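Peer 1: My structure is in entry_8.pdb, and what it holds is PDB, C-alpha atoms:
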```pdb
ATOM      1  CA  MET Y  12     -37.805  55.748  79.447
ATOM      2  CA  ASN Y  13     -40.255  55.455  76.570
ATOM      3  CA  GLU Y  14     -38.458  52.720  74.631
ATOM      4  CA  PRO Y  15     -40.837  49.965  73.560
ATOM      5  CA  LYS Y  16     -40.222  46.541  75.029
ATOM      6  CA  PRO Y  17     -38.882  43.958  72.580
ATOM      7  CA  SER Y  18     -41.349  41.179  71.784
ATOM      8  CA  GLN Y  19     -41.112  37.821  70.078
ATOM      9  CA  GLY Y  20     -43.492  39.048  67.372
ATOM     10  CA  ALA Y  21     -41.245  42.002  66.551
ATOM     11  CA  VAL Y  22     -38.195  39.734  66.320
ATOM     12  CA  VAL Y  23     -40.038  37.364  63.950
ATOM     13  CA  ALA Y  24     -41.210  40.333  61.870
ATOM     14  CA  MET Y  25     -37.611  41.541  61.652
ATOM     15  CA  GLY Y  26     -36.413  38.115  60.499
ATOM     16  CA  VAL Y  27     -39.044  37.865  57.765
ATOM     17  CA  THR Y  28     -38.271  41.416  56.629
ATOM     18  CA  VAL Y  29     -34.549  40.633  56.389
ATOM     19  CA  ILE Y  30     -35.148  37.638  54.107
ATOM     20  CA  ILE Y  31     -37.596  39.480  51.840
ATOM     21  CA  TRP Y  32     -35.467  42.597  51.478
ATOM     22  CA  ALA Y  33     -32.225  40.723  50.896
ATOM     23  CA  SER Y  34     -33.770  38.850  47.971
ATOM     24  CA  SER Y  35     -35.486  41.997  46.666
ATOM     25  CA  TRP Y  36     -32.103  43.600  45.833
ATOM     26  CA  ILE Y  37     -31.382  40.657  43.535
ATOM     27  CA  VAL Y  38     -34.767  41.107  41.895
ATOM     28  CA  MET Y  39     -34.276  44.875  41.493
ATOM     29  CA  LYS Y  40     -30.865  44.397  39.877
ATOM     30  CA  SER Y  41     -32.294  41.833  37.449
ATOM     31  CA  VAL Y  42     -35.292  43.898  36.297
ATOM     32  CA  LEU Y  43     -33.121  46.897  35.384
ATOM     33  CA  ALA Y  44     -32.456  45.067  32.105
ATOM     34  CA  TYR Y  45     -36.121  45.649  31.204
ATOM     35  CA  ALA Y  46     -37.071  49.006  32.770
ATOM     36  CA  GLY Y  47     -35.546  52.283  33.911
ATOM     37  CA  PRO Y  48     -34.906  52.707  37.651
ATOM     38  CA  PHE Y  49     -37.580  55.351  38.245
ATOM     39  CA  ASP Y  50     -40.165  53.707  35.997
ATOM     40  CA  PHE Y  51     -39.789  50.456  37.913
ATOM     41  CA  SER Y  52     -39.899  52.178  41.313
ATOM     42  CA  ALA Y  53     -42.976  54.215  40.341
ATOM     43  CA  LEU Y  54     -44.772  51.084  39.108
ATOM     44  CA  ARG Y  55     -43.760  49.140  42.198
ATOM     45  CA  TYR Y  56     -45.044  51.674  44.691
ATOM     46  CA  GLY Y  57     -48.000  52.879  42.632
ATOM     47  CA  ILE Y  58     -49.402  49.366  42.296
ATOM     48  CA  GLY Y  59     -48.414  48.579  45.877
ATOM     49  CA  CYS Y  60     -50.270  51.629  47.161
ATOM     50  CA  VAL Y  61     -53.470  50.623  45.341
ATOM     51  CA  LEU Y  62     -53.150  47.097  46.720
ATOM     52  CA  MET Y  63     -52.659  48.434  50.255
ATOM     53  CA  PHE Y  64     -55.850  50.497  50.042
ATOM     54  CA  VAL Y  65     -57.711  47.387  48.876
ATOM     55  CA  VAL Y  66     -56.343  45.510  51.895
ATOM     56  CA  LEU Y  67     -57.461  48.319  54.219
ATOM     57  CA  LEU Y  68     -60.969  48.160  52.770
ATOM     58  CA  ALA Y  69     -61.096  44.347  52.917
ATOM     59  CA  MET Y  70     -59.948  44.306  56.543
ATOM     60  CA  ARG Y  71     -62.174  47.270  57.447
ATOM     61  CA  ARG Y  72     -59.240  49.130  58.865
ATOM     62  CA  PRO Y  73     -59.380  52.921  59.275
ATOM     63  CA  LEU Y  74     -58.969  54.830  56.022
ATOM     64  CA  ALA Y  75     -58.508  58.289  57.525
ATOM     65  CA  PRO Y  76     -54.934  59.503  56.876
ATOM     66  CA  PRO Y  77     -52.449  60.030  59.713
ATOM     67  CA  PRO Y  78     -51.199  63.620  60.256
ATOM     68  CA  TRP Y  79     -50.159  64.835  56.803
ATOM     69  CA  GLY Y  80     -46.838  66.482  57.575
ATOM     70  CA  GLY Y  81     -45.062  63.552  59.199
ATOM     71  CA  THR Y  82     -46.624  61.026  56.817
ATOM     72  CA  ALA Y  83     -45.484  62.970  53.756
ATOM     73  CA  LEU Y  84     -41.946  63.344  55.127
ATOM     74  CA  VAL Y  85     -41.689  59.592  55.710
ATOM     75  CA  GLY Y  86     -43.041  58.841  52.244
ATOM     76  CA  LEU Y  87     -40.637  61.220  50.529
ATOM     77  CA  THR Y  88     -37.556  60.029  52.421
ATOM     78  CA  GLN Y  89     -38.137  56.362  53.269
ATOM     79  CA  THR Y  90     -39.986  55.424  50.081
ATOM     80  CA  ALA Y  91     -39.240  57.863  47.246
ATOM     81  CA  ALA Y  92     -35.664  58.965  48.007
ATOM     82  CA  PHE Y  93     -34.356  55.665  49.389
ATOM     83  CA  GLN Y  94     -35.829  53.524  46.622
ATOM     84  CA  GLY Y  95     -35.052  55.949  43.798
ATOM     85  CA  LEU Y  96     -31.442  56.447  44.870
ATOM     86  CA  GLY Y  97     -31.042  52.721  45.462
ATOM     87  CA  GLN Y  98     -32.233  51.958  41.948
ATOM     88  CA  LEU Y  99     -29.879  54.589  40.520
ATOM     89  CA  ALA Y 100     -26.983  53.021  42.415
ATOM     90  CA  LEU Y 101     -27.836  49.612  40.945
ATOM     91  CA  THR Y 102     -27.559  50.922  37.375
ATOM     92  CA  THR Y 103     -23.762  51.213  37.724
ATOM     93  CA  GLY Y 104     -22.937  49.099  40.785
ATOM     94  CA  GLY Y 105     -23.234  45.435  41.741
ATOM     95  CA  ALA Y 106     -26.226  44.395  43.851
ATOM     96  CA  GLY Y 107     -24.085  43.070  46.703
ATOM     97  CA  HIS Y 108     -21.910  46.182  46.903
ATOM     98  CA  VAL Y 109     -24.864  48.586  46.690
ATOM     99  CA  VAL Y 110     -26.891  46.849  49.375
ATOM    100  CA  LEU Y 111     -23.940  46.937  51.769
ATOM    101  CA  LEU Y 112     -23.525  50.691  51.249
ATOM    102  CA  ALA Y 113     -27.242  51.500  51.398
ATOM    103  CA  TYR Y 114     -27.408  49.835  54.781
ATOM    104  CA  ALA Y 115     -25.164  52.438  56.340
ATOM    105  CA  MET Y 116     -28.605  53.616  57.470
ATOM    106  CA  PRO Y 117     -28.168  52.486  61.115
ATOM    107  CA  PHE Y 118     -25.350  54.983  61.751
ATOM    108  CA  TRP Y 119     -27.552  57.912  60.818
ATOM    109  CA  ALA Y 120     -30.649  56.398  62.467
ATOM    110  CA  VAL Y 121     -28.974  55.882  65.842
ATOM    111  CA  LEU Y 122     -27.635  59.451  65.889
ATOM    112  CA  LEU Y 123     -30.935  60.960  64.733
ATOM    113  CA  ALA Y 124     -32.876  58.917  67.293
ATOM    114  CA  TRP Y 125     -30.568  60.241  70.006
ATOM    115  CA  LEU Y 126     -31.065  63.849  68.876
ATOM    116  CA  ILE Y 127     -34.768  63.742  68.022
ATOM    117  CA  LEU Y 128     -36.281  60.930  70.099
ATOM    118  CA  ARG Y 129     -33.910  61.138  73.093
ATOM    119  CA  GLU Y 130     -33.095  57.427  72.701
ATOM    120  CA  LYS Y 131     -29.575  57.434  74.072
ATOM    121  CA  PRO Y 132     -27.514  54.519  72.710
ATOM    122  CA  THR Y 133     -26.306  51.988  75.263
ATOM    123  CA  PRO Y 134     -22.662  50.827  75.422
ATOM    124  CA  ARG Y 135     -23.622  47.721  73.461
ATOM    125  CA  HIS Y 136     -25.245  49.862  70.762
ATOM    126  CA  TRP Y 137     -22.011  51.858  70.455
ATOM    127  CA  LEU Y 138     -20.035  48.607  70.282
ATOM    128  CA  GLY Y 139     -22.315  47.326  67.525
ATOM    129  CA  LEU Y 140     -21.947  50.593  65.628
ATOM    130  CA  ALA Y 141     -18.161  50.453  65.944
ATOM    131  CA  PHE Y 142     -17.998  46.907  64.546
ATOM    132  CA  ALA Y 143     -20.402  47.786  61.733
ATOM    133  CA  ALA Y 144     -18.436  50.963  60.908
ATOM    134  CA  VAL Y 145     -15.250  48.953  60.479
ATOM    135  CA  GLY Y 146     -17.173  46.489  58.333
ATOM    136  CA  LEU Y 147     -18.596  49.163  56.037
ATOM    137  CA  LEU Y 148     -15.182  50.829  55.761
ATOM    138  CA  ALA Y 149     -13.756  47.502  54.605
ATOM    139  CA  VAL Y 150     -16.508  47.223  52.000
ATOM    140  CA  ILE Y 151     -16.037  50.756  50.664
ATOM    141  CA  ALA Y 152     -12.215  50.291  50.738
ATOM    142  CA  PRO Y 153     -11.369  53.921  49.905
ATOM    143  CA  TRP Y 154      -7.654  52.982  49.775
ATOM    144  CA  GLU Y 155      -8.441  50.980  46.619
ATOM    145  CA  GLY Y 156     -10.498  53.722  44.967
ATOM    146  CA  LEU Y 157     -14.271  54.054  45.044
ATOM    147  CA  GLY Y 158     -14.964  52.314  41.738
ATOM    148  CA  SER Y 159     -18.232  53.831  40.554
ATOM    149  CA  VAL Y 160     -18.289  57.018  42.619
ATOM    150  CA  ARG Y 161     -21.853  57.831  41.585
ATOM    151  CA  SER Y 162     -23.117  54.401  42.616
ATOM    152  CA  THR Y 163     -21.370  54.704  45.996
ATOM    153  CA  LEU Y 164     -22.746  58.180  46.666
ATOM    154  CA  TYR Y 165     -26.281  57.271  45.575
ATOM    155  CA  ALA Y 166     -26.304  54.228  47.860
ATOM    156  CA  LEU Y 167     -24.960  56.132  50.875
ATOM    157  CA  LEU Y 168     -27.356  59.050  50.363
ATOM    158  CA  GLY Y 169     -30.235  56.611  50.010
ATOM    159  CA  GLY Y 170     -29.332  55.077  53.378
ATOM    160  CA  MET Y 171     -29.338  58.532  54.980
ATOM    161  CA  CYS Y 172     -32.817  59.231  53.606
ATOM    162  CA  TRP Y 173     -34.070  55.903  54.946
ATOM    163  CA  ALA Y 174     -32.667  56.782  58.375
ATOM    164  CA  VAL Y 175     -34.641  60.034  58.395
ATOM    165  CA  GLY Y 176     -37.790  58.126  57.442
ATOM    166  CA  THR Y 177     -37.187  55.509  60.140
ATOM    167  CA  VAL Y 178     -36.790  58.060  62.924
ATOM    168  CA  MET Y 179     -39.759  60.103  61.754
ATOM    169  CA  SER Y 180     -41.863  56.917  61.626
ATOM    170  CA  LYS Y 181     -40.965  56.178  65.235
ATOM    171  CA  ARG Y 182     -41.886  59.747  66.157
ATOM    172  CA  MET Y 183     -45.254  59.399  64.443
ATOM    173  CA  PHE Y 184     -45.992  56.206  66.376
ATOM    174  CA  GLN Y 185     -45.027  57.842  69.659
ATOM    175  CA  ARG Y 186     -47.054  60.996  69.124
ATOM    176  CA  HIS Y 187     -50.091  59.802  67.202
ATOM    177  CA  HIS Y 188     -50.316  56.019  67.840
ATOM    178  CA  CYS Y 189     -50.759  55.331  64.118
ATOM    179  CA  ASP Y 190     -52.025  51.997  62.843
ATOM    180  CA  PRO Y 191     -49.008  50.430  61.042
ATOM    181  CA  LEU Y 192     -51.044  49.210  58.066
ATOM    182  CA  ASN Y 193     -52.802  52.547  57.601
ATOM    183  CA  PHE Y 194     -49.557  54.502  58.044
ATOM    184  CA  THR Y 195     -47.709  52.261  55.564
ATOM    185  CA  THR Y 196     -50.410  52.851  52.972
ATOM    186  CA  TRP Y 197     -50.526  56.626  53.245
ATOM    187  CA  GLN Y 198     -46.760  57.181  53.355
ATOM    188  CA  MET Y 199     -46.506  54.905  50.340
ATOM    189  CA  LEU Y 200     -49.001  57.133  48.507
ATOM    190  CA  PHE Y 201     -46.743  60.161  48.977
ATOM    191  CA  GLY Y 202     -43.680  58.178  47.951
ATOM    192  CA  ALA Y 203     -45.377  56.720  44.869
ATOM    193  CA  ALA Y 204     -46.541  60.183  43.779
ATOM    194  CA  ALA Y 205     -42.992  61.586  44.040
ATOM    195  CA  LEU Y 206     -41.529  58.618  42.142
ATOM    196  CA  THR Y 207     -44.161  58.955  39.409
ATOM    197  CA  VAL Y 208     -43.361  62.638  38.880
ATOM    198  CA  THR Y 209     -39.650  61.796  38.752
ATOM    199  CA  ALA Y 210     -40.221  58.969  36.262
ATOM    200  CA  LEU Y 211     -42.155  61.327  33.980
ATOM    201  CA  CYS Y 212     -39.409  63.960  34.105
ATOM    202  CA  VAL Y 213     -36.281  61.806  33.773
ATOM    203  CA  PRO Y 214     -35.528  60.162  30.387
ATOM    204  CA  GLN Y 215     -35.156  56.369  30.703
ATOM    205  CA  ARG Y 216     -35.048  53.279  28.560
ATOM    206  CA  PRO Y 217     -38.401  51.987  27.219
ATOM    207  CA  ILE Y 218     -40.135  49.407  29.386
ATOM    208  CA  ALA Y 219     -39.926  45.864  28.000
ATOM    209  CA  TRP Y 220     -42.896  43.914  29.344
ATOM    210  CA  THR Y 221     -41.195  40.528  29.577
ATOM    211  CA  PRO Y 222     -42.171  37.685  31.929
ATOM    212  CA  ALA Y 223     -39.044  38.464  33.978
ATOM    213  CA  LEU Y 224     -40.157  42.064  34.505
ATOM    214  CA  VAL Y 225     -43.723  41.080  35.371
ATOM    215  CA  GLY Y 226     -42.508  38.436  37.830
ATOM    216  CA  GLY Y 227     -40.003  40.810  39.409
ATOM    217  CA  LEU Y 228     -42.644  43.518  39.685
ATOM    218  CA  ALA Y 229     -45.124  41.104  41.276
ATOM    219  CA  TYR Y 230     -42.572  40.012  43.879
ATOM    220  CA  SER Y 231     -41.525  43.592  44.580
ATOM    221  CA  VAL Y 232     -45.111  44.822  44.962
ATOM    222  CA  VAL Y 233     -46.570  42.051  47.106
ATOM    223  CA  PHE Y 234     -43.643  40.997  49.258
ATOM    224  CA  ALA Y 235     -40.877  43.624  49.217
ATOM    225  CA  THR Y 236     -43.275  46.584  49.298
ATOM    226  CA  CYS Y 237     -46.639  45.788  50.902
ATOM    227  CA  LEU Y 238     -45.639  43.027  53.309
ATOM    228  CA  ALA Y 239     -42.057  43.979  54.164
ATOM    229  CA  TRP Y 240     -42.644  47.718  54.719
ATOM    230  CA  THR Y 241     -45.626  46.960  56.969
ATOM    231  CA  LEU Y 242     -43.511  44.520  58.985
ATOM    232  CA  TRP Y 243     -40.673  47.064  59.144
ATOM    233  CA  LEU Y 244     -42.963  49.708  60.650
ATOM    234  CA  VAL Y 245     -44.186  47.134  63.187
ATOM    235  CA  VAL Y 246     -40.531  46.535  64.106
ATOM    236  CA  VAL Y 247     -39.829  50.282  64.348
ATOM    237  CA  ARG Y 248     -42.848  50.771  66.579
ATOM    238  CA  ARG Y 249     -42.035  47.920  68.978
ATOM    239  CA  LEU Y 250     -38.224  47.907  69.181
ATOM    240  CA  PRO Y 251     -35.771  50.622  70.222
ATOM    241  CA  THR Y 252     -34.591  52.480  67.137
ATOM    242  CA  ALA Y 253     -30.962  51.415  67.618
ATOM    243  CA  VAL Y 254     -31.892  47.730  67.840
ATOM    244  CA  ALA Y 255     -34.234  47.876  64.834
ATOM    245  CA  ALA Y 256     -31.762  49.820  62.700
ATOM    246  CA  LEU Y 257     -28.720  47.702  63.531
ATOM    247  CA  SER Y 258     -30.681  44.464  63.114
ATOM    248  CA  ALA Y 259     -31.435  45.569  59.553
ATOM    249  CA  LEU Y 260     -27.715  45.120  58.829
ATOM    250  CA  ALA Y 261     -28.467  41.427  58.411
ATOM    251  CA  VAL Y 262     -30.037  42.367  55.051
ATOM    252  CA  PRO Y 263     -26.798  43.356  53.264
ATOM    253  CA  VAL Y 264     -24.933  40.327  54.597
ATOM    254  CA  LEU Y 265     -27.603  37.991  53.247
ATOM    255  CA  GLY Y 266     -27.919  40.130  50.111
ATOM    256  CA  VAL Y 267     -24.222  39.744  49.274
ATOM    257  CA  LEU Y 268     -24.477  35.974  49.650
ATOM    258  CA  MET Y 269     -27.585  35.900  47.435
ATOM    259  CA  ALA Y 270     -25.856  38.079  44.809
ATOM    260  CA  TRP Y 271     -23.025  35.552  44.803
ATOM    261  CA  ALA Y 272     -25.438  32.641  44.401
ATOM    262  CA  PHE Y 273     -27.813  34.120  41.796
ATOM    263  CA  LEU Y 274     -25.867  36.878  40.004
ATOM    264  CA  ASP Y 275     -22.375  35.348  40.207
ATOM    265  CA  GLU Y 276     -21.106  38.454  42.051
ATOM    266  CA  ARG Y 277     -18.315  36.834  44.037
ATOM    267  CA  PRO Y 278     -17.586  38.781  47.255
ATOM    268  CA  THR Y 279     -14.139  40.367  47.429
ATOM    269  CA  PRO Y 280     -11.832  39.721  50.395
ATOM    270  CA  ASN Y 281     -12.721  43.198  51.696
ATOM    271  CA  GLU Y 282     -16.430  42.353  51.553
ATOM    272  CA  TRP Y 283     -15.874  39.104  53.456
ATOM    273  CA  ILE Y 284     -14.019  41.052  56.158
ATOM    274  CA  GLY Y 285     -16.749  43.689  56.171
ATOM    275  CA  MET Y 286     -19.500  41.104  56.566
ATOM    276  CA  ALA Y 287     -17.643  39.505  59.472
ATOM    277  CA  PHE Y 288     -17.475  42.828  61.319
ATOM    278  CA  ILE Y 289     -21.117  43.599  60.530
ATOM    279  CA  ALA Y 290     -22.088  40.186  61.915
ATOM    280  CA  ALA Y 291     -20.108  41.001  65.060
ATOM    281  CA  GLY Y 292     -22.056  44.253  65.345
ATOM    282  CA  LEU Y 293     -25.328  42.350  65.042
ATOM    283  CA  PHE Y 294     -24.191  39.968  67.766
ATOM    284  CA  ALA Y 295     -23.451  42.913  70.046
ATOM    285  CA  VAL Y 296     -26.909  44.372  69.514
ATOM    286  CA  SER Y 297     -28.486  40.963  69.998
ATOM    287  CA  GLY Y 298     -26.705  40.707  73.322
ATOM    288  CA  ALA Y 299     -28.142  44.063  74.363
ATOM    289  CA  ARG Y 300     -31.617  42.887  73.536
ATOM    290  CA  LEU Y 301     -31.325  39.584  75.330
ATOM    291  CA  ALA Y 302     -29.750  41.169  78.366
ATOM    292  CA  ARG Y 303     -32.444  43.838  78.720
ATOM    293  CA  SER Y 304     -34.269  43.328  81.987
ATOM    294  CA  PRO Y 305     -38.082  43.687  82.052
ATOM    295  CA  ARG Y 306     -39.452  46.939  83.462
TER     296      ARG Y 306
END
```
Re-express the file's structure as structure tokens.
Peer 2:
Amino acid sequence: MNEPKPSQGAVVAMGVTVIIWASSWIVMKSVLAYAGPFDFSALRYGIGCVLMFVVLLAMRRPLAPPPWGGTALVGLTQTAAFQGLGQLALTTGGAGHVVLLAYAMPFWAVLLAWLILREKPTPRHWLGLAFAAVGLLAVIAPWEGLGSVRSTLYALLGGMCWAVGTVMSKRMFQRHHCDPLNFTTWQMLFGAAALTVTALCVPQRPIAWTPALVGGLAYSVVFATCLAWTLWLVVVRRLPTAVAALSALAVPVLGVLMAWAFLDERPTPNEWIGMAFIAAGLFAVSGARLARSPR
């Protein structure tokens, strides 16, 4: 009864987010040659957080923090855990494979939204989940062995953490009517703090300040962090959780194609099959959105 109505703005925001995030996995994989996973993540979100506060001041948006508990939980799960585990997965796994596994997030998000937010999935949501589940199973291909088990587990666990952050973000918007820009900034502060502590505690390779690292960091801070996470929270606020989460599955499909084009990571037959099923799942969810009658 309380599901937000889809809007053209939210759909556009989702499309822009998909493109930015798909390319960001290629960037993240590339910069690991110059910095450790936690050092890069801490720099990315630390600088991004400072930039977001500057934007808040420049736009004269409210600076007062949202309720601390929910904001901290989102920052620790959606930002710190998801990004840190994703970077760890990239150290031993290919960018295309990792992004496909990390985006198992919708399965956990739909179930958590049902339990916590009382957003019961529609038949089309279940159909989309079923198609996507078959697709992800084809990608993981357990009958062929898991390859880098650590990379697989890190990516899947990262997706679970993101799902928790997504559902808790939606809950914060429902209960406290947070400003998306303000909420993005404060949750990012918590996430950046956790990543910084982790980077200081975990031994990593020395940072090599090359032009490639600086360029990758600039892209990650401005577009993949500040812009994309703000747009994502706008999408979460305005679309039903199931639609937002399943629509995010377009990211790994595009990410695999970009990894093929830029990193020469040719998709395996299983990954092609998996992407086809994931695309079918997206089509099913799209049909649910288009068929939704106005209330």
Peer 1: Calculate how many Å separate CA of Val175 (chain Y) from CA of Val262 (chain Y), rounding to one decimal.
Peer 2: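 CA of Val262 (chain Y) lies at a distance of 18.6 Å from CA of Val175 (chain Y).
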Peer 1: Report the residues retrieved by the PyMOL selection byres ((chain Y and resi 123) around 10) from the displayed file, expressed as a list in words.
Peer 2: Pro117, Phe118, Trp119, Ala120, Val121, Leu122, Ala124, Trp125, Leu126, Ile127, Leu128, Arg129, Glu130, Ala174, Val175, Thr177, Val178, Met179, Thr252 and Ala253 of chain Y
Peer 1: Generate the output file for the selected residues, C-alpha atoms, as a CSV table (one decimal), keeping the file's coordinate frame.
Peer 2:
```csv
chain,number,residue,atom,x,y,z
Y,117,PRO,CA,-28.2,52.5,61.1
Y,118,PHE,CA,-25.4,55.0,61.8
Y,119,TRP,CA,-27.6,57.9,60.8
Y,120,ALA,CA,-30.6,56.4,62.5
Y,121,VAL,CA,-29.0,55.9,65.8
Y,122,LEU,CA,-27.6,59.5,65.9
Y,124,ALA,CA,-32.9,58.9,67.3
Y,125,TRP,CA,-30.6,60.2,70.0
Y,126,LEU,CA,-31.1,63.8,68.9
Y,127,ILE,CA,-34.8,63.7,68.0
Y,128,LEU,CA,-36.3,60.9,70.1
Y,129,ARG,CA,-33.9,61.1,73.1
Y,130,GLU,CA,-33.1,57.4,72.7
Y,174,ALA,CA,-32.7,56.8,58.4
Y,175,VAL,CA,-34.6,60.0,58.4
Y,177,THR,CA,-37.2,55.5,60.1
Y,178,VAL,CA,-36.8,58.1,62.9
Y,179,MET,CA,-39.8,60.1,61.8
Y,252,THR,CA,-34.6,52.5,67.1
Y,253,ALA,CA,-31.0,51.4,67.6
```
Peer 1: Expand the PyMOL selection byres ((chain Y and resi 236-242) around 8) into the explicit residue set it covers here, and present it as a list in words.
Peer 2: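 That selection, the PyMOL selection byres ((chain Y and resi 236-242) around 8), comes back as Ala24, Met25, Val27, Thr28, Ile31, Trp32, Arg55, Tyr56, Gly59, Cys60, Leu62, Met63, Pro191, Leu192, Thr195, Ser231, Val232, Val233, Phe234, Ala235, Trp243, Leu244, Val245 and Val246 of chain Y.
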Peer 1: Counting all atoms listed in the file, figure out which residue out of Y:Pro76, Y:Gly81, Y:Gly226, Y:Gly26 gets nearest to Lys181 (chain Y).
Peer 2: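 Ranking Y:Pro76, Y:Gly81, Y:Gly226, Y:Gly26 by distance to Lys181 (chain Y), first place goes to Y:Gly81.
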Peer 1: Within 12 Å of (-38.9, 51.5, 29.6) (file coordinates; all atoms listed in the file), which protein or nucleic acid residues are there? I'd like them as an MDAnalysis selection string.
Peer 2: chainID Y and resid 42:54 210:211 213:221 224
Peer 1: Under the rule that only C-alpha atoms are counted, which of Y:Ser41, Y:Ala141, Y:Leu274, Y:Leu250 is the nearest residue to Val225 (chain Y)?
Peer 2: Y:Ser41
